[in-house]
Amino acid sequence: MGIFFTSPKPAAPAIQEALESALTQDPKALAAPLKTEAAARAHALAQTTAPQFNLRNFVLALIISAVLLAVAIWADDQHKEISKALMTSFTSFSGIVLGLLGGEAQKSAS
């Protein structure tokens with residue numbers, strides 16, 4: 001399950017539907033040659049199940065990160081220990097977000 005890249009349509013039902021359609025169609029009734037028809041169907045299936053960037057989740061992650069940073073800066077004057085912990089949380093959270101973005105983007109490209 002992706003956080004920043006999500007598929008608009010579940011892959012398993014789409015694959016099942018494409019296979020059922022291919023198996024039930026008479027090969028003699030195809031408008032294009034078999035290889036062309038297979039390539040077109042594979043491309044259409046890949047397009048319907050391809051992960052798309054989820055902007056809402058990314059903006060939410062940016063807001064959480066900004067809040068952690070703002071509170072850490074605000075608390076720095078009076079509560080040094082709390083500020084250090086919040087800054088560590090900000091750094092860790094930002095690293096996790098970048099790691100997820102990189103990993104999911106790489107996975108969705110393949």
# chains A, B, ... in the order shown; residues from 1 in each chain; ligands from 1

call {"tool": "residues_around", "arguments": {"residues": "segment 36-52 of chain A", "least_positions_apart": "5", "cutoff": "9 Å", "atoms": "only C-alpha atoms", "output": "list of chain:residue names"}}
result
A:Gly2, A:Phe4, A:Phe5, A:Thr6, A:Ser7, A:Pro8, A:Lys9, A:Pro10, A:Ala11, A:Ala14, A:Ile15, A:Ala18, A:Ala22, A:Leu30, A:Ala31, A:Ala105, A:Ser108, A:Ala109

call {"tool": "select_by_dssp", "arguments": {"residues": "segment 26-77 of chain A", "states": "helix (DSSP H, G or I)", "output": "mmCIF file with C-alpha atoms, in the first residue's frame"}}
result
data_model
loop_
_atom_site.group_PDB
_atom_site.id
_atom_site.type_symbol
_atom_site.label_atom_id
_atom_site.label_comp_id
_atom_site.auth_asym_id
_atom_site.auth_seq_id
_atom_site.Cartn_x
_atom_site.Cartn_y
_atom_site.Cartn_z
ATOM 1 C CA PRO A 27 -9.372 -14.476 -32.091
ATOM 2 C CA LYS A 28 -10.848 -14.370 -35.593
ATOM 3 C CA ALA A 29 -12.992 -11.362 -34.660
ATOM 4 C CA LEU A 34 -2.903 -10.609 -32.458
ATOM 5 C CA LYS A 35 0.376 -9.045 -31.280
ATOM 6 C CA THR A 36 -0.948 -5.519 -31.830
ATOM 7 C CA GLU A 37 -4.152 -6.289 -29.943
ATOM 8 C CA ALA A 38 -2.199 -7.863 -27.070
ATOM 9 C CA ALA A 39 0.129 -4.851 -26.861
ATOM 10 C CA ALA A 40 -2.806 -2.436 -26.873
ATOM 11 C CA ARG A 41 -4.605 -4.343 -24.114
ATOM 12 C CA ALA A 42 -1.435 -4.597 -22.010
ATOM 13 C CA HIS A 43 -0.840 -0.859 -22.397
ATOM 14 C CA ALA A 44 -4.436 -0.052 -21.443
ATOM 15 C CA LEU A 45 -4.181 -2.294 -18.374
ATOM 16 C CA ALA A 46 -0.891 -0.698 -17.335
ATOM 17 C CA GLN A 47 -2.430 2.773 -17.652
ATOM 18 C CA THR A 48 -5.488 1.933 -15.543
ATOM 19 C CA THR A 49 -3.484 0.370 -12.714
ATOM 20 C CA LEU A 55 -0.857 15.288 -3.611
ATOM 21 C CA ARG A 56 -3.176 15.357 -0.586
ATOM 22 C CA ASN A 57 -0.964 13.008 1.439
ATOM 23 C CA PHE A 58 2.176 14.899 0.418
ATOM 24 C CA VAL A 59 0.706 18.256 1.477
ATOM 25 C CA LEU A 60 -0.374 16.714 4.788
ATOM 26 C CA ALA A 61 3.181 15.447 5.353
ATOM 27 C CA LEU A 62 4.535 18.936 4.595
ATOM 28 C CA ILE A 63 2.100 20.491 7.086
ATOM 29 C CA ILE A 64 3.101 18.025 9.819
ATOM 30 C CA SER A 65 6.761 18.711 9.094
ATOM 31 C CA ALA A 66 6.236 22.486 9.190
ATOM 32 C CA VAL A 67 4.347 22.241 12.495
ATOM 33 C CA LEU A 68 7.134 20.179 14.058
ATOM 34 C CA LEU A 69 9.734 22.713 12.907
ATOM 35 C CA ALA A 70 7.689 25.733 14.011
ATOM 36 C CA VAL A 71 7.019 24.316 17.480
ATOM 37 C CA ALA A 72 10.694 23.336 17.830
ATOM 38 C CA ILE A 73 11.784 26.880 16.987
ATOM 39 C CA TRP A 74 9.146 28.409 19.258
ATOM 40 C CA ALA A 75 10.102 26.170 22.203
#

call {"tool": "atom_distance", "arguments": {"atom1": "atom CA of Asn54 of chain A", "atom2": "atom CA of Gly99 of chain A"}}
result
15.5 Å

call {"tool": "decode", "arguments": {"residues": "segment 74-86 of chain A", "atoms": "all heavy atoms", "output": "mmCIF file, in the first residue's frame"}}
result
data_model
loop_
_atom_site.group_PDB
_atom_site.id
_atom_site.type_symbol
_atom_site.label_atom_id
_atom_site.label_comp_id
_atom_site.auth_asym_id
_atom_site.auth_seq_id
_atom_site.Cartn_x
_atom_site.Cartn_y
_atom_site.Cartn_z
ATOM 1 N N TRP A 74 9.845 27.629 18.230
ATOM 2 C CA TRP A 74 9.146 28.409 19.258
ATOM 3 C C TRP A 74 9.581 27.981 20.665
ATOM 4 O O TRP A 74 9.770 28.811 21.546
ATOM 5 C CB TRP A 74 7.634 28.227 19.101
ATOM 6 C CG TRP A 74 6.845 28.850 20.195
ATOM 7 C CD1 TRP A 74 6.533 30.161 20.330
ATOM 8 C CD2 TRP A 74 6.286 28.180 21.321
ATOM 9 N NE1 TRP A 74 5.801 30.356 21.474
ATOM 10 C CE2 TRP A 74 5.635 29.143 22.101
ATOM 11 C CE3 TRP A 74 6.266 26.856 21.744
ATOM 12 C CZ2 TRP A 74 4.980 28.829 23.283
ATOM 13 C CZ3 TRP A 74 5.613 26.553 22.907
ATOM 14 C CH2 TRP A 74 4.979 27.530 23.662
ATOM 15 N N ALA A 75 9.754 26.691 20.878
ATOM 16 C CA ALA A 75 10.102 26.170 22.203
ATOM 17 C C ALA A 75 11.590 26.342 22.534
ATOM 18 O O ALA A 75 11.995 26.096 23.666
ATOM 19 C CB ALA A 75 9.726 24.697 22.305
ATOM 20 N N ASP A 76 12.383 26.772 21.586
ATOM 21 C CA ASP A 76 13.822 26.860 21.798
ATOM 22 C C ASP A 76 14.193 27.879 22.874
ATOM 23 O O ASP A 76 15.170 27.695 23.593
ATOM 24 C CB ASP A 76 14.524 27.216 20.482
ATOM 25 C CG ASP A 76 16.025 27.089 20.578
ATOM 26 O OD1 ASP A 76 16.492 26.113 21.202
ATOM 27 O OD2 ASP A 76 16.728 27.959 20.028
ATOM 28 N N ASP A 77 13.423 28.941 23.028
ATOM 29 C CA ASP A 77 13.751 29.981 24.010
ATOM 30 C C ASP A 77 13.603 29.498 25.453
ATOM 31 O O ASP A 77 14.456 29.763 26.288
ATOM 32 C CB ASP A 77 12.849 31.213 23.809
ATOM 33 C CG ASP A 77 13.162 31.940 22.516
ATOM 34 O OD1 ASP A 77 14.297 31.774 22.012
ATOM 35 O OD2 ASP A 77 12.273 32.640 22.002
ATOM 36 N N GLN A 78 12.525 28.786 25.737
ATOM 37 C CA GLN A 78 12.222 28.452 27.129
ATOM 38 C C GLN A 78 12.441 26.977 27.468
ATOM 39 O O GLN A 78 12.727 26.645 28.614
ATOM 40 C CB GLN A 78 10.767 28.828 27.428
ATOM 41 C CG GLN A 78 10.532 30.310 27.260
ATOM 42 C CD GLN A 78 9.069 30.616 27.032
ATOM 43 O OE1 GLN A 78 8.286 29.722 26.758
ATOM 44 N NE2 GLN A 78 8.709 31.889 27.136
ATOM 45 N N HIS A 79 12.307 26.091 26.505
ATOM 46 C CA HIS A 79 12.375 24.651 26.772
ATOM 47 C C HIS A 79 13.376 24.007 25.818
ATOM 48 O O HIS A 79 12.999 23.416 24.807
ATOM 49 C CB HIS A 79 10.995 24.006 26.598
ATOM 50 C CG HIS A 79 9.908 24.691 27.360
ATOM 51 N ND1 HIS A 79 9.766 24.551 28.715
ATOM 52 C CD2 HIS A 79 8.914 25.518 26.958
ATOM 53 C CE1 HIS A 79 8.720 25.272 29.121
ATOM 54 N NE2 HIS A 79 8.197 25.867 28.066
ATOM 55 N N LYS A 80 14.643 24.081 26.162
ATOM 56 C CA LYS A 80 15.703 23.593 25.273
ATOM 57 C C LYS A 80 15.594 22.086 25.007
ATOM 58 O O LYS A 80 15.787 21.639 23.878
ATOM 59 C CB LYS A 80 17.083 23.903 25.869
ATOM 60 C CG LYS A 80 17.386 25.370 26.011
ATOM 61 C CD LYS A 80 17.797 25.930 24.694
ATOM 62 C CE LYS A 80 18.261 27.387 24.913
ATOM 63 N NZ LYS A 80 18.293 28.120 23.704
ATOM 64 N N GLU A 81 15.282 21.304 26.036
ATOM 65 C CA GLU A 81 15.207 19.847 25.863
ATOM 66 C C GLU A 81 14.036 19.439 24.965
ATOM 67 O O GLU A 81 14.168 18.558 24.126
ATOM 68 C CB GLU A 81 15.106 19.149 27.225
ATOM 69 C CG GLU A 81 16.365 19.230 28.062
ATOM 70 C CD GLU A 81 17.567 18.634 27.353
ATOM 71 O OE1 GLU A 81 17.447 17.523 26.805
ATOM 72 O OE2 GLU A 81 18.626 19.284 27.337
ATOM 73 N N ILE A 82 12.913 20.100 25.173
ATOM 74 C CA ILE A 82 11.748 19.801 24.333
ATOM 75 C C ILE A 82 12.036 20.208 22.896
ATOM 76 O O ILE A 82 11.694 19.504 21.945
ATOM 77 C CB ILE A 82 10.489 20.501 24.879
ATOM 78 C CG1 ILE A 82 10.109 19.920 26.234
ATOM 79 C CG2 ILE A 82 9.331 20.376 23.894
ATOM 80 C CD1 ILE A 82 8.982 20.647 26.922
ATOM 81 N N SER A 83 12.707 21.337 22.725
ATOM 82 C CA SER A 83 13.047 21.813 21.394
ATOM 83 C C SER A 83 13.982 20.838 20.681
ATOM 84 O O SER A 83 13.821 20.577 19.488
ATOM 85 C CB SER A 83 13.699 23.193 21.481
ATOM 86 O OG SER A 83 14.081 23.636 20.207
ATOM 87 N N LYS A 84 14.945 20.284 21.411
ATOM 88 C CA LYS A 84 15.849 19.304 20.812
ATOM 89 C C LYS A 84 15.084 18.049 20.372
ATOM 90 O O LYS A 84 15.319 17.516 19.283
ATOM 91 C CB LYS A 84 16.946 18.920 21.814
ATOM 92 C CG LYS A 84 18.094 19.895 21.861
ATOM 93 C CD LYS A 84 19.071 19.585 22.966
ATOM 94 C CE LYS A 84 20.011 18.493 22.624
ATOM 95 N NZ LYS A 84 21.046 18.283 23.663
ATOM 96 N N ALA A 85 14.179 17.601 21.210
ATOM 97 C CA ALA A 85 13.386 16.415 20.868
ATOM 98 C C ALA A 85 12.496 16.680 19.654
ATOM 99 O O ALA A 85 12.365 15.829 18.761
ATOM 100 C CB ALA A 85 12.545 15.986 22.056
ATOM 101 N N LEU A 86 11.904 17.862 19.603
ATOM 102 C CA LEU A 86 11.053 18.205 18.460
ATOM 103 C C LEU A 86 11.873 18.352 17.176
ATOM 104 O O LEU A 86 11.424 17.956 16.098
ATOM 105 C CB LEU A 86 10.277 19.487 18.737
ATOM 106 C CG LEU A 86 9.110 19.348 19.712
ATOM 107 C CD1 LEU A 86 8.575 20.722 20.098
ATOM 108 C CD2 LEU A 86 8.012 18.509 19.093
#
